[in-house]
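Structure, as structure tokens:
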Amino acid sequence: MAKSASVDVQKSNWEGSIPIAISLASTSLSSPTIPPSLHRIISRQSYLHIALEDEVRMFHEFAPVTCFRSVTQKDVTSNENGEENDKGDNAIDEAKDKQQGNASNLNDEMAKKEAGSDGKTPYPVCWFEDEETGLPLRWHIFVGVLHDMFCIKQQEPSMHRLPWKIRIHFTSYPATLLPVISSHQKSKDTDVIRCIFQYYLNSLKQSLYVQYNSGKVAKNMTKQSHLQLWDGIVRNQYEVYRSIASDLDGNITVGGNSNAEISCT
């Protein structure tokens, strides 16, 4: 009964959603008229770039053409050494290529899975801003946690009303934000969604280590399991996520708490 109740609570948490009103920043506008804001209800268990992909692509049509260029760490920090830095980055790239191994293969699998036959253009590099506070939103945190963090920061709860008003930018990427495209990634591998996927994998490995007090759990997960977990987030399908989480709970008996649940938030 206790386990059943735990699953019910987890499912209810997964099904939670937040109403969003997203608008285009005037600084990212190339059209003489500002497009109207868009209203959407998005899952708490997702990332802003994932949940708002259609809206991002729509607003990008009103942004300057130059905004389509990928943003890297070099765009948000000073580059004093010029070409010497590029050589250093290339050396780091070569070293990382030798160490990536399965992670690189997993990215290839993910790329094939995402490519499909829809013929979509590359995901535009963008960033999001909380309209009321003017603060950049950290894209690598799940929407539900991100929203709750901003609610807690408000001195008066009534100040943070729903829908949550978010502004999207395609220019002037903030130096305070983690770059959505790593400066150590090769130009041919600068897809925004793949970068978010890679960050999710790294976070998953860290959380599994904390949860089970061992690195064996993450190492024993298959590429298919990684892709299924990610697919559950992208498509907002609880059962897909739960099928992997329950296997871990039932089969792992290492030093951590075997009754703990893998939480997306």
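A note on labels: chains of the structure tokens are A, B, ... as shown, every chain counts residues from 1, and ligands are counted from 1 in their shown order.
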
- Query: Skipping near chain neighbours, those fewer than 2 positions away, what residues fall within 6 Å of stretch 138-151 of chain A using only C-alpha atoms, listed as a list in words?
  - Reply: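 So, after excluding close chain neighbours, the residues are Arg44, Gln45, Ser46, Tyr47, Lys153 and Gln154 of chain A.
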
- Message: Set the distance at 12 Å and use only C-alpha atoms: which residues neighbour A:Gln237 once local chain neighbours fewer than 6 positions away are removed? I'd like the list as a list of chain:residue names.
- Response: A:Lys11, A:Trp14, A:Glu15, A:Ser43, A:Gln45, A:Ser46, A:Gln228, A:Leu229, A:Trp230, A:Asp231, A:Ser243

Written selection (C-alpha atoms) as a short mmCIF file (atom, residue, chain, number, x, y, z; two decimals), in the first residue's frame:
data_model
loop_
_atom_site.label_atom_id
_atom_site.label_comp_id
_atom_site.auth_asym_id
_atom_site.auth_seq_id
_atom_site.Cartn_x
_atom_site.Cartn_y
_atom_site.Cartn_z
CA LYS A 11 2.56 10.39 -10.90
CA TRP A 14 4.77 14.34 -12.88
CA GLU A 15 1.40 15.46 -14.26
CA SER A 43 4.90 20.27 -17.89
CA GLN A 45 9.03 17.89 -15.63
CA SER A 46 10.62 19.44 -18.68
CA GLN A 228 13.88 6.06 -22.94
CA LEU A 229 14.21 8.35 -19.92
CA TRP A 230 14.89 11.29 -22.21
CA ASP A 231 11.98 10.33 -24.45
CA SER A 243 9.36 1.72 -16.56
#

- Note on the structure: Closest of A:Ala175, A:Ala245, A:Leu201, A:Ile168 to A:Gln10, counting only C-alpha atoms, is A:Ala245

- Message: List as JSON, numbers by chain the protein and nucleic acid residues near stretch 48-61 of chain A, meaning an atom at most 10 Å away when only C-alpha atoms are counted, but skip any in the same chain fewer than 4 places from it.
- Response: {"A": [20, 22, 23, 24, 25, 28, 29, 30, 31, 34, 35, 36, 37, 38, 39, 40, 41, 42, 43, 44, 65, 67, 68, 120, 121, 122, 123, 124, 125, 126, 127, 128, 137, 138, 139, 140, 141, 142, 143, 146, 168, 169, 170, 180, 192, 193, 196, 233, 234, 235, 236]}
